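Data file: query_22.cif. Format and content: mmCIF, C-alpha atoms.
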data_query
loop_
_atom_site.label_atom_id
_atom_site.label_comp_id
_atom_site.auth_asym_id
_atom_site.auth_seq_id
_atom_site.Cartn_x
_atom_site.Cartn_y
_atom_site.Cartn_z
CA MET A 1 -39.89 -26.33 31.71
CA ALA A 2 -36.38 -24.94 31.36
CA GLN A 3 -33.36 -27.24 31.44
CA PRO A 4 -30.89 -26.84 34.29
CA ALA A 5 -27.83 -24.72 33.52
CA GLY A 6 -25.02 -26.66 31.87
CA ILE A 7 -27.18 -29.32 30.25
CA ARG A 8 -26.67 -29.24 26.51
CA ALA A 9 -28.45 -32.34 25.19
CA GLN A 10 -29.82 -35.71 26.14
CA ARG A 11 -28.05 -38.97 25.27
CA ARG A 12 -30.39 -41.88 25.73
CA GLY A 13 -31.75 -40.53 28.98
CA ARG A 14 -28.56 -39.14 30.48
CA ALA A 15 -27.57 -35.53 30.42
CA VAL A 16 -24.55 -34.44 28.43
CA THR A 17 -22.95 -31.43 29.99
CA GLY A 18 -20.48 -28.97 28.61
CA THR A 19 -18.01 -30.42 31.12
CA GLY A 20 -18.18 -33.89 29.55
CA LYS A 21 -17.61 -32.47 26.08
CA ALA A 22 -14.73 -30.36 27.39
CA ALA A 23 -13.12 -33.49 28.88
CA GLU A 24 -13.43 -35.34 25.55
CA ASP A 25 -12.04 -32.34 23.65
CA LEU A 26 -9.08 -32.12 26.05
CA ALA A 27 -8.40 -35.86 25.70
CA ALA A 28 -8.60 -35.68 21.88
CA ARG A 29 -6.11 -32.79 21.72
CA TYR A 30 -3.77 -34.58 24.12
CA LEU A 31 -3.84 -37.82 22.09
CA GLN A 32 -3.27 -35.93 18.84
CA ARG A 33 -0.17 -34.32 20.35
CA GLN A 34 1.01 -37.82 21.28
CA GLY A 35 0.78 -38.83 17.60
CA LEU A 36 -2.66 -40.47 17.42
CA ARG A 37 -5.08 -39.62 14.63
CA ILE A 38 -8.75 -39.22 15.59
CA LEU A 39 -10.97 -41.40 13.37
CA ALA A 40 -14.31 -40.93 15.14
CA ARG A 41 -15.81 -39.21 18.16
CA ASN A 42 -18.77 -40.49 20.17
CA TYR A 43 -19.23 -43.56 18.00
CA ARG A 44 -22.58 -45.11 18.93
CA CYS A 45 -24.37 -48.32 18.21
CA ARG A 46 -27.19 -50.14 19.92
CA GLY A 47 -25.84 -51.12 23.32
CA GLY A 48 -22.64 -49.10 23.44
CA GLU A 49 -20.68 -45.95 22.77
CA ILE A 50 -17.00 -45.16 22.34
CA ASP A 51 -15.76 -41.66 23.18
CA LEU A 52 -12.83 -41.64 20.75
CA VAL A 53 -11.67 -43.99 18.02
CA CYS A 54 -8.07 -43.32 17.03
CA ASP A 55 -5.30 -44.70 14.86
CA GLU A 56 -1.77 -45.15 16.14
CA ARG A 57 0.57 -46.49 13.47
CA GLY A 58 -1.95 -48.95 12.04
CA CYS A 59 -3.52 -49.93 15.37
CA THR A 60 -7.14 -48.98 16.04
CA VAL A 61 -7.37 -47.49 19.53
CA PHE A 62 -10.72 -47.31 21.32
CA VAL A 63 -10.57 -44.66 24.04
CA GLU A 64 -12.87 -44.19 27.03
CA VAL A 65 -12.57 -40.72 28.57
CA ARG A 66 -13.43 -40.38 32.26
CA LEU A 67 -13.60 -37.21 34.32
CA ARG A 68 -13.99 -37.48 38.07
CA ARG A 69 -13.46 -34.46 40.24
CA ASP A 70 -14.49 -36.23 43.43
CA GLY A 71 -12.43 -39.26 44.42
CA ARG A 72 -14.79 -40.40 47.16
CA PHE A 73 -16.21 -43.05 44.86
CA GLY A 74 -12.91 -44.43 43.62
CA GLY A 75 -11.85 -41.88 41.03
CA ALA A 76 -12.08 -42.00 37.25
CA ALA A 77 -10.55 -45.46 36.76
CA ALA A 78 -12.95 -47.10 39.21
CA SER A 79 -15.89 -45.77 37.22
CA ILE A 80 -15.07 -48.09 34.29
CA THR A 81 -17.00 -51.11 35.51
CA ALA A 82 -17.21 -54.58 33.98
CA ALA A 83 -20.59 -53.60 32.50
CA LYS A 84 -19.07 -50.50 30.90
CA ARG A 85 -16.19 -52.56 29.49
CA ARG A 86 -18.71 -54.99 27.92
CA LYS A 87 -20.50 -52.06 26.26
CA LEU A 88 -17.20 -50.68 24.93
CA ILE A 89 -16.23 -54.09 23.55
CA LEU A 90 -19.65 -54.45 21.89
CA ALA A 91 -19.36 -51.03 20.26
CA ALA A 92 -15.78 -51.77 19.13
CA GLY A 93 -16.93 -54.99 17.49
CA HIS A 94 -19.64 -53.06 15.70
CA TYR A 95 -17.14 -50.42 14.56
CA LEU A 96 -14.73 -53.06 13.25
CA ALA A 97 -17.37 -55.12 11.41
CA GLY A 98 -16.71 -55.12 7.71
CA GLN A 99 -13.29 -53.49 8.01
CA ALA A 100 -9.96 -55.06 7.15
CA GLU A 101 -8.47 -56.92 10.09
CA ARG A 102 -5.89 -54.92 12.01
CA PRO A 103 -4.63 -54.77 15.58
CA CYS A 104 -6.69 -52.87 18.13
CA ARG A 105 -6.60 -52.02 21.82
CA PHE A 106 -8.60 -50.30 24.54
CA ASP A 107 -7.14 -47.24 26.26
CA THR A 108 -8.50 -44.89 28.87
CA VAL A 109 -7.85 -41.22 29.43
CA LEU A 110 -8.51 -40.34 33.05
CA LEU A 111 -8.93 -36.75 34.20
CA ASP A 112 -9.34 -35.45 37.71
CA GLY A 113 -9.93 -31.95 36.40
CA LEU A 114 -9.97 -30.03 33.15
CA GLY A 115 -6.29 -29.12 33.02
CA GLU A 116 -3.50 -30.47 30.80
CA GLY A 117 -1.52 -31.59 33.83
CA ARG A 118 -4.44 -33.65 35.14
CA ILE A 119 -4.43 -36.28 32.38
CA GLU A 120 -3.49 -39.91 32.84
CA TRP A 121 -3.37 -41.98 29.64
CA ILE A 122 -3.50 -45.73 30.20
CA ARG A 123 -2.64 -47.79 27.14
CA HIS A 124 -4.00 -51.33 26.98
CA ALA A 125 -6.33 -50.52 29.90
CA PHE A 126 -8.24 -53.79 29.40
CA ASP A 127 -8.59 -56.67 26.95
CA ALA A 128 -11.60 -57.83 24.98
CA VAL A 129 -11.68 -61.35 26.41
#

Representation of the structure as C-alpha coordinates:
Amino acid sequence: MAQPAGIRAQRRGRAVTGTGKAAEDLAARYLQRQGLRILARNYRCRGGEIDLVCDERGCTVFVEVRLRRDGRFGGAAASITAAKRRKLILAAGHYLAGQAERPCRFDTVLLDGLGEGRIEWIRHAFDAV
(Lines of atoms letter the chains of each structure in order from A and count residues from 1; the text may use other names and numbers.)
(Lines give C-alpha, C1' and ligand atoms only; values in the text may rest on other atoms or scores of the structure.)
Protein backbone atom coordinates (compact mmCIF):
# COMPACT_ATOMS: atom_id res chain seq x y z
CA MET A 1 0.00 0.00 0.00
CA ALA A 2 1.43 3.37 -1.00
CA GLN A 3 1.86 6.14 1.56
CA PRO A 4 -0.18 9.31 1.11
CA ALA A 5 1.62 12.18 -0.60
CA GLY A 6 3.70 14.31 1.76
CA ILE A 7 4.35 11.62 4.35
CA ARG A 8 8.07 11.09 4.70
CA ALA A 9 8.49 8.82 7.73
CA GLN A 10 6.79 7.54 10.84
CA ARG A 11 7.69 8.78 14.32
CA ARG A 12 6.27 6.46 16.93
CA GLY A 13 2.97 6.14 15.13
CA ARG A 14 2.55 9.69 13.91
CA ALA A 15 3.31 10.87 10.44
CA VAL A 16 6.14 13.30 9.86
CA THR A 17 5.44 15.46 6.87
CA GLY A 18 7.72 17.63 4.82
CA THR A 19 5.78 20.58 6.24
CA GLY A 20 6.81 19.76 9.82
CA LYS A 21 10.45 19.46 8.83
CA ALA A 22 10.21 22.72 6.88
CA ALA A 23 8.82 24.46 9.99
CA GLU A 24 11.69 23.14 12.12
CA ASP A 25 14.25 24.17 9.48
CA LEU A 26 12.75 27.67 9.31
CA ALA A 27 12.80 27.98 13.12
CA ALA A 28 16.42 26.77 13.32
CA ARG A 29 17.59 29.30 10.71
CA TYR A 30 15.68 32.08 12.47
CA LEU A 31 17.20 31.25 15.87
CA GLN A 32 20.69 31.04 14.39
CA ARG A 33 20.26 34.54 12.95
CA GLN A 34 19.24 35.69 16.43
CA GLY A 35 22.58 34.40 17.78
CA LEU A 36 21.65 30.94 19.09
CA ARG A 37 23.79 27.91 18.30
CA ILE A 38 21.97 24.68 17.44
CA LEU A 39 23.24 21.80 19.61
CA ALA A 40 20.73 19.10 18.64
CA ARG A 41 17.66 18.60 16.49
CA ASN A 42 14.80 16.22 17.25
CA TYR A 43 16.38 14.98 20.47
CA ARG A 44 14.41 11.91 21.58
CA CYS A 45 14.24 9.79 24.67
CA ARG A 46 11.64 7.41 26.01
CA GLY A 47 8.61 9.57 26.77
CA GLY A 48 9.58 12.82 25.07
CA GLU A 49 11.14 14.72 22.20
CA ILE A 50 12.61 18.19 21.83
CA ASP A 51 12.56 19.84 18.40
CA LEU A 52 15.66 22.00 18.92
CA VAL A 53 18.28 22.21 21.64
CA CYS A 54 20.25 25.45 21.43
CA ASP A 55 22.87 27.43 23.28
CA GLU A 56 22.52 31.14 23.95
CA ARG A 57 25.52 32.57 25.77
CA GLY A 58 25.93 29.60 28.11
CA CYS A 59 22.21 28.93 28.58
CA THR A 60 20.74 25.70 27.22
CA VAL A 61 17.52 26.53 25.37
CA PHE A 62 14.96 23.80 24.67
CA VAL A 63 12.72 24.86 21.79
CA GLU A 64 9.31 23.50 20.79
CA VAL A 65 8.35 24.43 17.23
CA ARG A 66 4.64 24.63 16.43
CA LEU A 67 3.02 25.23 13.07
CA ARG A 68 -0.71 25.85 12.91
CA ARG A 69 -2.27 27.15 9.75
CA ASP A 70 -5.81 26.91 11.07
CA GLY A 71 -6.59 28.96 14.17
CA ARG A 72 -9.98 27.36 14.79
CA PHE A 73 -8.48 25.20 17.51
CA GLY A 74 -6.60 27.94 19.32
CA GLY A 75 -3.53 28.42 17.17
CA ALA A 76 0.01 27.16 17.66
CA ALA A 77 0.45 28.27 21.28
CA ALA A 78 -2.73 26.52 22.42
CA SER A 79 -1.42 23.25 21.02
CA ILE A 80 1.31 23.08 23.69
CA THR A 81 -0.74 21.36 26.37
CA ALA A 82 0.24 20.51 29.94
CA ALA A 83 0.89 16.93 28.80
CA LYS A 84 3.20 18.17 26.03
CA ARG A 85 5.05 20.42 28.50
CA ARG A 86 5.59 17.41 30.82
CA LYS A 87 7.08 15.44 27.92
CA LEU A 88 9.38 18.33 27.01
CA ILE A 89 10.53 18.67 30.63
CA LEU A 90 11.18 14.91 30.81
CA ALA A 91 13.25 14.97 27.62
CA ALA A 92 15.17 18.05 28.82
CA GLY A 93 16.04 16.29 32.07
CA HIS A 94 17.28 13.33 30.08
CA TYR A 95 19.36 15.60 27.83
CA LEU A 96 20.91 17.38 30.81
CA ALA A 97 21.72 14.21 32.77
CA GLY A 98 25.44 13.85 33.22
CA GLN A 99 26.25 17.32 31.91
CA ALA A 100 27.75 20.18 33.87
CA GLU A 101 25.09 22.28 35.56
CA ARG A 102 24.18 25.41 33.63
CA PRO A 103 21.11 27.60 33.24
CA CYS A 104 18.37 26.44 30.90
CA ARG A 105 14.97 27.58 29.69
CA PHE A 106 12.06 26.51 27.51
CA ASP A 107 11.17 28.59 24.45
CA THR A 108 8.61 28.14 21.72
CA VAL A 109 8.71 29.16 18.09
CA LEU A 110 5.17 29.57 16.79
CA LEU A 111 4.41 29.71 13.08
CA ASP A 112 1.11 30.36 11.39
CA GLY A 113 2.64 29.67 8.01
CA LEU A 114 5.99 28.88 6.43
CA GLY A 115 7.19 32.44 5.90
CA GLU A 116 9.87 34.42 7.74
CA GLY A 117 7.35 37.07 8.73
CA ARG A 118 5.07 34.49 10.35
CA ILE A 119 7.39 33.57 13.24
CA GLU A 120 6.74 34.36 16.88
CA TRP A 121 9.58 33.47 19.26
CA ILE A 122 8.54 33.25 22.91
CA ARG A 123 11.43 33.11 25.34
CA HIS A 124 10.80 31.52 28.73
CA ALA A 125 7.49 30.13 27.41
CA PHE A 126 7.06 27.95 30.50
CA ASP A 127 8.95 26.75 33.57
CA ALA A 128 9.91 23.25 34.63
CA VAL A 129 8.08 23.33 37.96

### Task
Spell out the residues picked by the PyMOL selection byres ((chain A and resi 81-97) around 7) here, as an NGL selection string.
:A and (44-45 or 47-50 or 78-80 or 98-99 or 128)

Which neighbours of Arg29 in chain A fall inside 12 Å, counting all atoms listed in the file, when residues of the same chain fewer than 4 positions from it are skipped, and could you give them as a CSV table (one decimal) with C-alpha atoms, keeping the file's coordinate frame?
chain,number,residue,atom,x,y,z
A,22,ALA,CA,-14.7,-30.4,27.4
A,23,ALA,CA,-13.1,-33.5,28.9
A,24,GLU,CA,-13.4,-35.3,25.6
A,25,ASP,CA,-12.0,-32.3,23.6
A,33,ARG,CA,-0.2,-34.3,20.4
A,34,GLN,CA,1.0,-37.8,21.3
A,35,GLY,CA,0.8,-38.8,17.6
A,36,LEU,CA,-2.7,-40.5,17.4
A,37,ARG,CA,-5.1,-39.6,14.6
A,38,ILE,CA,-8.8,-39.2,15.6
A,52,LEU,CA,-12.8,-41.6,20.8
A,54,CYS,CA,-8.1,-43.3,17.0
A,109,VAL,CA,-7.8,-41.2,29.4
A,115,GLY,CA,-6.3,-29.1,33.0
A,116,GLU,CA,-3.5,-30.5,30.8
A,119,ILE,CA,-4.4,-36.3,32.4

### Shell around Leu67 in chain A at 9 Å using all atoms listed in the file, local window under 6 positions removed, as a list of chain:residue names
A:Thr19, A:Gly20, A:Ala23, A:Glu24, A:Gly75, A:Ala76, A:Val109, A:Leu110, A:Leu111, A:Asp112, A:Gly113, A:Leu114

#### Entry: Best match for closeness to Arg123 in chain A among A:Phe62, A:Arg68, A:Arg41, A:Ala28, counting all atoms listed in the file
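So, comparing all the options, the nearest one is A:Phe62.
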
### Task
Have a look at CA of Cys59 in chain A and CA of Tyr43 in chain A and let me know their distance in Å, one decimal.
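Straight-line distance from CA of Cys59 in chain A to CA of Tyr43 in chain A works out to 17.2 Å.
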
### Query
What does the distance between CA of Trp121 in chain A and CA of Gly18 in chain A come to in Å, to one decimal place?
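If I compute the distance from CA of Trp121 in chain A to CA of Gly18 in chain A, I get 21.5 Å.
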
#### Entry: d(CA of Ala100 in chain A, CA of Arg46 in chain A) in Å
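Separation between CA of Ala100 in chain A and CA of Arg46 in chain A: 22.0 Å.
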
### Task
List the residues selected by the PyMOL selection byres ((chain A and resi 65) around 6) in the file shown, writing them as number ranges by chain.
A: 64, 66, 108-109

### Query
Taking into account all atoms listed in the file, which residue in the set A:Glu120, A:Glu101, A:Asp51, A:Glu56 is nearest to Gln32 in chain A?
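Smallest separation from Gln32 in chain A among the options: A:Glu56.
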